[in-house]
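Undergrad: Dropping in entry04.txt, with compact mmCIF, N, CA and C atoms.
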```txt
# COMPACT_ATOMS: atom_id res chain seq x y z
N GLN A 1 4.52 6.45 24.99
CA GLN A 1 4.33 6.22 23.57
C GLN A 1 5.41 5.30 23.05
N VAL A 2 5.00 4.40 22.16
CA VAL A 2 5.94 3.47 21.54
C VAL A 2 5.79 3.61 20.03
N GLN A 3 6.90 3.71 19.37
CA GLN A 3 6.91 3.68 17.90
C GLN A 3 7.45 2.33 17.44
N LEU A 4 6.74 1.72 16.50
CA LEU A 4 7.09 0.38 16.02
C LEU A 4 7.31 0.42 14.52
N VAL A 5 8.41 -0.17 14.08
CA VAL A 5 8.72 -0.22 12.65
C VAL A 5 9.02 -1.66 12.25
N GLU A 6 8.17 -2.21 11.40
CA GLU A 6 8.37 -3.59 10.93
C GLU A 6 9.24 -3.61 9.67
N SER A 7 9.90 -4.73 9.48
CA SER A 7 10.67 -4.96 8.27
C SER A 7 10.77 -6.46 8.04
N GLY A 8 11.19 -6.83 6.82
CA GLY A 8 11.45 -8.22 6.53
C GLY A 8 10.41 -8.92 5.69
N GLY A 9 9.33 -8.23 5.37
CA GLY A 9 8.32 -8.85 4.52
C GLY A 9 8.80 -8.97 3.09
N GLY A 10 8.01 -9.68 2.28
CA GLY A 10 8.37 -9.84 0.88
C GLY A 10 7.61 -10.97 0.24
N LEU A 11 8.09 -11.36 -0.94
CA LEU A 11 7.48 -12.43 -1.71
C LEU A 11 8.34 -13.69 -1.56
N VAL A 12 7.69 -14.80 -1.26
CA VAL A 12 8.42 -16.06 -1.07
C VAL A 12 7.56 -17.19 -1.62
N GLN A 13 8.21 -18.24 -2.08
CA GLN A 13 7.47 -19.41 -2.56
C GLN A 13 6.99 -20.26 -1.39
N ALA A 14 5.94 -20.98 -1.63
CA ALA A 14 5.43 -21.90 -0.61
C ALA A 14 6.55 -22.85 -0.17
N GLY A 15 6.61 -23.06 1.14
CA GLY A 15 7.66 -23.87 1.71
C GLY A 15 8.88 -23.08 2.15
N GLY A 16 8.94 -21.84 1.77
CA GLY A 16 10.07 -20.99 2.10
C GLY A 16 9.97 -20.38 3.49
N SER A 17 10.93 -19.51 3.78
CA SER A 17 11.02 -18.89 5.10
C SER A 17 11.24 -17.39 4.97
N LEU A 18 10.79 -16.68 6.00
CA LEU A 18 11.04 -15.25 6.15
C LEU A 18 11.20 -14.94 7.62
N ARG A 19 11.94 -13.90 7.91
CA ARG A 19 12.02 -13.42 9.29
C ARG A 19 11.60 -11.95 9.31
N LEU A 20 10.57 -11.69 10.09
CA LEU A 20 10.11 -10.32 10.29
C LEU A 20 10.77 -9.75 11.54
N SER A 21 11.05 -8.46 11.48
CA SER A 21 11.60 -7.75 12.63
C SER A 21 10.72 -6.55 12.95
N CYS A 22 10.67 -6.21 14.20
CA CYS A 22 9.92 -5.03 14.65
C CYS A 22 10.79 -4.29 15.65
N ALA A 23 11.23 -3.12 15.25
CA ALA A 23 12.08 -2.31 16.12
C ALA A 23 11.21 -1.30 16.86
N ALA A 24 11.39 -1.24 18.17
CA ALA A 24 10.61 -0.34 19.01
C ALA A 24 11.46 0.80 19.52
N SER A 25 10.83 1.95 19.69
CA SER A 25 11.52 3.11 20.26
C SER A 25 10.51 3.97 20.99
N GLY A 26 11.02 4.84 21.82
CA GLY A 26 10.16 5.82 22.47
C GLY A 26 9.75 5.48 23.88
N SER A 27 9.99 4.25 24.30
CA SER A 27 9.62 3.88 25.66
C SER A 27 10.48 2.69 26.08
N ILE A 28 10.23 2.21 27.27
CA ILE A 28 11.02 1.10 27.80
C ILE A 28 10.45 -0.20 27.25
N PHE A 29 11.17 -0.80 26.33
CA PHE A 29 10.68 -1.95 25.58
C PHE A 29 10.31 -3.12 26.48
N ILE A 30 11.10 -3.35 27.51
CA ILE A 30 10.97 -4.57 28.30
C ILE A 30 9.64 -4.65 29.04
N ILE A 31 8.96 -3.53 29.23
CA ILE A 31 7.72 -3.55 30.00
C ILE A 31 6.50 -3.89 29.16
N TYR A 32 6.70 -4.06 27.85
CA TYR A 32 5.58 -4.32 26.96
C TYR A 32 5.52 -5.78 26.54
N SER A 33 4.32 -6.33 26.55
CA SER A 33 4.09 -7.58 25.84
C SER A 33 4.05 -7.25 24.36
N MET A 34 4.59 -8.15 23.57
CA MET A 34 4.69 -7.91 22.14
C MET A 34 3.95 -9.01 21.38
N ALA A 35 3.48 -8.65 20.21
CA ALA A 35 2.75 -9.65 19.42
C ALA A 35 2.84 -9.31 17.94
N TRP A 36 2.58 -10.32 17.15
CA TRP A 36 2.41 -10.15 15.71
C TRP A 36 0.97 -10.52 15.36
N TYR A 37 0.35 -9.67 14.58
CA TYR A 37 -0.97 -9.91 14.03
C TYR A 37 -0.86 -9.91 12.52
N ARG A 38 -1.88 -10.43 11.86
CA ARG A 38 -1.90 -10.34 10.40
C ARG A 38 -3.33 -10.10 9.93
N GLN A 39 -3.41 -9.51 8.76
CA GLN A 39 -4.72 -9.25 8.15
C GLN A 39 -4.64 -9.54 6.67
N ALA A 40 -5.41 -10.52 6.25
CA ALA A 40 -5.51 -10.85 4.84
C ALA A 40 -6.65 -10.06 4.21
N PRO A 41 -6.61 -9.88 2.90
CA PRO A 41 -7.68 -9.12 2.24
C PRO A 41 -9.06 -9.70 2.54
N GLY A 42 -9.97 -8.83 2.95
CA GLY A 42 -11.34 -9.25 3.23
C GLY A 42 -11.53 -9.98 4.54
N LYS A 43 -10.48 -10.06 5.34
CA LYS A 43 -10.58 -10.77 6.62
C LYS A 43 -10.24 -9.84 7.77
N GLN A 44 -10.63 -10.27 8.96
CA GLN A 44 -10.31 -9.50 10.16
C GLN A 44 -8.86 -9.72 10.56
N ARG A 45 -8.33 -8.75 11.26
CA ARG A 45 -6.98 -8.89 11.81
C ARG A 45 -7.00 -10.00 12.86
N GLU A 46 -5.98 -10.85 12.83
CA GLU A 46 -5.94 -11.97 13.77
C GLU A 46 -4.57 -12.06 14.42
N LEU A 47 -4.58 -12.57 15.64
CA LEU A 47 -3.33 -12.78 16.38
C LEU A 47 -2.58 -13.95 15.77
N VAL A 48 -1.29 -13.76 15.54
CA VAL A 48 -0.43 -14.82 15.03
C VAL A 48 0.40 -15.42 16.16
N ALA A 49 1.08 -14.54 16.91
CA ALA A 49 1.95 -15.01 17.99
C ALA A 49 2.15 -13.86 18.96
N ALA A 50 2.39 -14.22 20.22
CA ALA A 50 2.61 -13.22 21.25
C ALA A 50 3.72 -13.67 22.18
N ILE A 51 4.39 -12.70 22.78
CA ILE A 51 5.45 -13.00 23.75
C ILE A 51 5.33 -12.01 24.89
N SER A 52 5.30 -12.53 26.10
CA SER A 52 5.11 -11.70 27.26
C SER A 52 6.42 -11.04 27.70
N THR A 53 6.32 -10.22 28.74
CA THR A 53 7.53 -9.59 29.28
C THR A 53 8.47 -10.63 29.86
N ALA A 54 7.93 -11.78 30.25
CA ALA A 54 8.75 -12.89 30.77
C ALA A 54 9.12 -13.88 29.67
N SER A 55 8.87 -13.48 28.42
CA SER A 55 9.19 -14.30 27.24
C SER A 55 8.39 -15.60 27.16
N ILE A 56 7.21 -15.59 27.73
CA ILE A 56 6.28 -16.70 27.54
C ILE A 56 5.56 -16.47 26.21
N THR A 57 5.50 -17.50 25.40
CA THR A 57 4.96 -17.36 24.06
C THR A 57 3.64 -18.11 23.89
N ASN A 58 2.84 -17.63 22.95
CA ASN A 58 1.69 -18.40 22.51
C ASN A 58 1.45 -18.12 21.04
N TYR A 59 0.83 -19.10 20.38
CA TYR A 59 0.68 -19.06 18.94
C TYR A 59 -0.73 -19.42 18.51
N ALA A 60 -1.13 -18.86 17.39
CA ALA A 60 -2.37 -19.31 16.76
C ALA A 60 -2.17 -20.74 16.28
N ASN A 61 -3.23 -21.51 16.32
CA ASN A 61 -3.13 -22.91 15.91
C ASN A 61 -2.61 -23.04 14.48
N ALA A 62 -2.96 -22.09 13.64
CA ALA A 62 -2.60 -22.18 12.22
C ALA A 62 -1.09 -22.08 11.98
N VAL A 63 -0.36 -21.55 12.96
CA VAL A 63 1.08 -21.34 12.75
C VAL A 63 1.94 -22.14 13.71
N LYS A 64 1.34 -22.86 14.63
CA LYS A 64 2.12 -23.63 15.61
C LYS A 64 3.03 -24.62 14.90
N GLY A 65 4.28 -24.65 15.34
CA GLY A 65 5.25 -25.55 14.75
C GLY A 65 5.93 -24.99 13.52
N ARG A 66 5.43 -23.87 13.00
CA ARG A 66 6.03 -23.27 11.80
C ARG A 66 6.64 -21.89 12.08
N PHE A 67 6.02 -21.15 13.00
CA PHE A 67 6.46 -19.79 13.32
C PHE A 67 7.05 -19.76 14.72
N THR A 68 8.02 -18.87 14.92
CA THR A 68 8.62 -18.67 16.23
C THR A 68 8.76 -17.18 16.51
N ILE A 69 8.20 -16.76 17.63
CA ILE A 69 8.35 -15.37 18.05
C ILE A 69 9.43 -15.29 19.11
N SER A 70 10.21 -14.23 19.06
CA SER A 70 11.27 -14.03 20.04
C SER A 70 11.47 -12.53 20.23
N ARG A 71 12.16 -12.19 21.30
CA ARG A 71 12.44 -10.78 21.56
C ARG A 71 13.87 -10.62 22.04
N ASP A 72 14.47 -9.52 21.66
CA ASP A 72 15.81 -9.15 22.11
C ASP A 72 15.66 -7.82 22.82
N ASN A 73 15.60 -7.86 24.14
CA ASN A 73 15.35 -6.63 24.90
C ASN A 73 16.52 -5.66 24.80
N ALA A 74 17.70 -6.17 24.58
CA ALA A 74 18.86 -5.28 24.44
C ALA A 74 18.79 -4.47 23.14
N LYS A 75 18.10 -5.03 22.14
CA LYS A 75 17.97 -4.35 20.85
C LYS A 75 16.60 -3.75 20.64
N ASN A 76 15.73 -3.87 21.65
CA ASN A 76 14.36 -3.34 21.54
C ASN A 76 13.66 -3.87 20.30
N THR A 77 13.81 -5.14 20.05
CA THR A 77 13.31 -5.72 18.81
C THR A 77 12.60 -7.05 19.10
N VAL A 78 11.51 -7.26 18.38
CA VAL A 78 10.81 -8.54 18.41
C VAL A 78 10.87 -9.12 16.99
N TYR A 79 10.99 -10.44 16.93
CA TYR A 79 11.13 -11.12 15.65
C TYR A 79 10.00 -12.14 15.46
N LEU A 80 9.74 -12.43 14.22
CA LEU A 80 8.86 -13.54 13.88
C LEU A 80 9.55 -14.35 12.79
N GLN A 81 10.04 -15.52 13.16
CA GLN A 81 10.65 -16.43 12.21
C GLN A 81 9.54 -17.30 11.63
N MET A 82 9.38 -17.25 10.33
CA MET A 82 8.31 -17.99 9.66
C MET A 82 8.91 -19.02 8.72
N SER A 83 8.53 -20.26 8.91
CA SER A 83 9.04 -21.35 8.07
C SER A 83 7.87 -22.14 7.50
N SER A 84 8.19 -22.95 6.50
CA SER A 84 7.16 -23.77 5.85
C SER A 84 5.94 -22.92 5.48
N LEU A 85 6.21 -21.80 4.88
CA LEU A 85 5.14 -20.85 4.57
C LEU A 85 4.17 -21.41 3.55
N LYS A 86 2.91 -21.03 3.74
CA LYS A 86 1.83 -21.48 2.88
C LYS A 86 1.15 -20.28 2.23
N PRO A 87 0.50 -20.48 1.09
CA PRO A 87 -0.21 -19.35 0.47
C PRO A 87 -1.21 -18.68 1.42
N GLU A 88 -1.79 -19.44 2.31
CA GLU A 88 -2.76 -18.85 3.24
C GLU A 88 -2.11 -17.99 4.32
N ASP A 89 -0.79 -17.96 4.36
CA ASP A 89 -0.09 -17.05 5.27
C ASP A 89 0.04 -15.65 4.66
N THR A 90 -0.37 -15.49 3.41
CA THR A 90 -0.29 -14.19 2.76
C THR A 90 -1.17 -13.19 3.49
N ALA A 91 -0.57 -12.06 3.88
CA ALA A 91 -1.28 -11.04 4.66
C ALA A 91 -0.33 -9.87 4.91
N VAL A 92 -0.90 -8.80 5.44
CA VAL A 92 -0.08 -7.75 6.02
C VAL A 92 0.13 -8.11 7.48
N TYR A 93 1.38 -8.12 7.90
CA TYR A 93 1.73 -8.48 9.27
C TYR A 93 2.03 -7.21 10.06
N TYR A 94 1.40 -7.12 11.23
CA TYR A 94 1.52 -5.95 12.08
C TYR A 94 2.17 -6.33 13.41
N CYS A 95 3.04 -5.47 13.86
CA CYS A 95 3.65 -5.60 15.17
C CYS A 95 2.79 -4.84 16.19
N ASN A 96 2.65 -5.40 17.37
CA ASN A 96 1.84 -4.79 18.43
C ASN A 96 2.61 -4.78 19.74
N ALA A 97 2.49 -3.67 20.44
CA ALA A 97 3.02 -3.55 21.80
C ALA A 97 1.85 -3.28 22.73
N HIS A 98 1.80 -4.00 23.83
CA HIS A 98 0.65 -3.90 24.73
C HIS A 98 1.10 -3.76 26.17
N ARG A 99 0.48 -2.83 26.89
CA ARG A 99 0.71 -2.70 28.32
C ARG A 99 -0.51 -2.07 28.94
N ASN A 100 -1.04 -2.72 29.96
CA ASN A 100 -2.28 -2.28 30.61
C ASN A 100 -3.36 -2.13 29.53
N ASN A 101 -3.93 -0.96 29.39
CA ASN A 101 -4.99 -0.77 28.40
C ASN A 101 -4.51 -0.10 27.13
N TYR A 102 -3.22 -0.07 26.94
CA TYR A 102 -2.69 0.63 25.78
C TYR A 102 -2.14 -0.37 24.75
N ASP A 103 -2.46 -0.07 23.50
CA ASP A 103 -1.93 -0.84 22.38
C ASP A 103 -1.30 0.11 21.37
N TYR A 104 -0.14 -0.30 20.87
CA TYR A 104 0.55 0.46 19.84
C TYR A 104 0.79 -0.46 18.66
N TRP A 105 0.71 0.11 17.44
CA TRP A 105 0.81 -0.68 16.22
C TRP A 105 1.85 -0.12 15.28
N GLY A 106 2.49 -1.01 14.56
CA GLY A 106 3.35 -0.60 13.46
C GLY A 106 2.52 -0.38 12.21
N GLN A 107 3.21 -0.02 11.14
CA GLN A 107 2.52 0.30 9.88
C GLN A 107 2.22 -0.95 9.06
N GLY A 108 2.83 -2.05 9.41
CA GLY A 108 2.58 -3.31 8.72
C GLY A 108 3.61 -3.59 7.64
N THR A 109 3.81 -4.87 7.38
CA THR A 109 4.70 -5.30 6.31
C THR A 109 4.02 -6.44 5.54
N GLN A 110 4.08 -6.37 4.23
CA GLN A 110 3.37 -7.34 3.40
C GLN A 110 4.18 -8.62 3.26
N VAL A 111 3.50 -9.74 3.48
CA VAL A 111 4.07 -11.06 3.22
C VAL A 111 3.20 -11.74 2.18
N THR A 112 3.80 -12.14 1.08
CA THR A 112 3.07 -12.82 0.02
C THR A 112 3.75 -14.16 -0.25
N VAL A 113 2.96 -15.22 -0.17
CA VAL A 113 3.46 -16.58 -0.39
C VAL A 113 2.82 -17.11 -1.67
N SER A 114 3.66 -17.40 -2.65
CA SER A 114 3.14 -17.90 -3.92
C SER A 114 3.13 -19.43 -3.92
N SER A 115 2.16 -19.97 -4.63
CA SER A 115 2.02 -21.43 -4.68
C SER A 115 2.80 -22.03 -5.84
```
Rewrite the structure from the file as structure tokens, please.
TA:
Amino acid sequence: QVQLVESGGGLVQAGGSLRLSCAASGSIFIIYSMAWYRQAPGKQRELVAAISTASITNYANAVKGRFTISRDNAKNTVYLQMSSLKPEDTAVYYCNAHRNNYDYWGQGTQVTVSS
């Protein structure tokens, strides 16, 4: 079992930056692939960025060049650095831990980008 707690969301103006953090506990962090998803009102949850156990990253096209995912295995934490934020980035952002057929989710953190 993995427990995930996100932090760092908030209200920011378009063009601004935020850094989300996701602290993991309860299991060996390094064995999990980690990802950030988001869900806007009335839309399906979508993958934003992912980082493998070998720190290989991939990004949704909508955030490439603006967002950076990273992990600190010593701190059991994954980060999402978001820059050049746009109103369409407004959503609840969820942290995900994945291994084999198991997925664990955080409670989500709200990011609101004003125009």
Undergrad: So which bits of chain A end up helix (DSSP H, G or I) when you DSSP the backbone, as a list in words?
TA: Phe29, Ile30, Ile31, Pro87, Glu88 and Asp89 of chain A
Undergrad: Please extract the residues of region 18-95 of chain A with a backbone DSSP assignment of strand (DSSP E) and present them as a PyMOL selection string.
TA: chain A and resi 18-25+33-39+46-51+57-59+67-72+77-82+91-95
Undergrad: Report, in Å to a single decimal, how far apart atom C of Ile31 (chain A) and atom N of Tyr59 (chain A) are.
TA: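 According to the coordinates, atom N of Tyr59 (chain A) and atom C of Ile31 (chain A) are separated by 18.5 Å.
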Undergrad: Got a sec: who's within 6 Å of Arg19 (chain A), counting only N, CA and C atoms, leaving out chain neighbours fewer than 3 positions off, as a PyMOL selection string?
TA: chain A and resi 7-9+80-82
Undergrad: Considering only N, CA and C atoms, can you say which of A:Asn101, A:Ser25, A:Gln107, A:Ser17 comes closest to Gln3 (chain A)?
TA: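 Under the stated criterion, the closest residue is A:Ser25.
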Undergrad: What is the distance between CA of Tyr94 (chain A) and CA of Ser115 (chain A), in Å to one decimal?
TA: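 Separation of CA of Tyr94 (chain A) and CA of Ser115 (chain A): 22.8 Å.
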Undergrad: I'd like to know which of A:Gly10, A:Asn73, A:Pro41, A:Ser83 is closest to Thr53 (chain A), using only C-alpha atoms.
TA: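 Closest to Thr53 (chain A), using only C-alpha atoms: A:Asn73.
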Undergrad: Which protein, DNA or RNA residues have an atom at most 9 Å from (10.9, -10.3, 19.6), counting only C-alpha atoms? List them as a ChimeraX atom specification.
TA: /A:21-23,34-35,50-51,55,69-73,76-80
Undergrad: Nearest to Cys95 (chain A) among A:Ser33, A:Gln44, A:Asn58, A:Ser27, with distances taken over only C-alpha atoms: which residue is it?
TA: A:Ser33
Undergrad: Have a look at CA of Val5 (chain A) and atom C of Ala97 (chain A) and let me know their distance in Å, one decimal.
TA: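 Interatomic distance here is 12.6 Å.
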Undergrad: Pull the neighbourhood of (1.7, -12.0, 16.6) for me: all residues within 6 Å in file coordinates, counting only C-alpha atoms, as JSON, numbers by chain.
TA: {"A": [35, 36, 37, 47, 48, 49, 50]}
Undergrad: Using only N, CA and C atoms, which residue out of A:Tyr32, A:Arg45, A:Ser84, A:Ile56 lies closest to Asn100 (chain A)?
TA: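 Counting only N, CA and C atoms, the residue closest to Asn100 (chain A) is A:Tyr32.
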Undergrad: Under the rule that all atoms listed in the file are counted, which of A:Ala14, A:Leu20, A:Ala60, A:Ala40 is the nearest residue to Pro87 (chain A)?
TA: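 Closest candidate: A:Ala14.
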Undergrad: List as a PyMOL selection string the protein and nucleic acid residues near Val12 (chain A), meaning an atom at most 5 Å away when all atoms listed in the file are counted, but skip any in the same chain fewer than 5 places from it.
TA: chain A and resi 112-114
Undergrad: Restricting the output to N, CA and C atoms, write the selected residues as an mmCIF file, in the coordinates of the input.
TA:
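The result, written out as again.cif:
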```cif
data_model
loop_
_atom_site.group_PDB
_atom_site.id
_atom_site.type_symbol
_atom_site.label_atom_id
_atom_site.label_comp_id
_atom_site.auth_asym_id
_atom_site.auth_seq_id
_atom_site.Cartn_x
_atom_site.Cartn_y
_atom_site.Cartn_z
ATOM 1 N N THR A 112 3.800 -12.140 1.080
ATOM 2 C CA THR A 112 3.070 -12.820 0.020
ATOM 3 C C THR A 112 3.750 -14.160 -0.250
ATOM 4 N N VAL A 113 2.960 -15.220 -0.170
ATOM 5 C CA VAL A 113 3.460 -16.580 -0.390
ATOM 6 C C VAL A 113 2.820 -17.110 -1.670
ATOM 7 N N SER A 114 3.660 -17.400 -2.650
ATOM 8 C CA SER A 114 3.140 -17.900 -3.920
ATOM 9 C C SER A 114 3.130 -19.430 -3.920
#
```
Undergrad: Out of A:Leu4, A:Leu18, A:Ala54, A:Ile28, which residue has the shortest atom-to-atom distance to Thr68 (chain A) when counting only C-alpha atoms?
TA: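 Using only C-alpha atoms, the shortest distance to Thr68 (chain A) belongs to A:Leu18.
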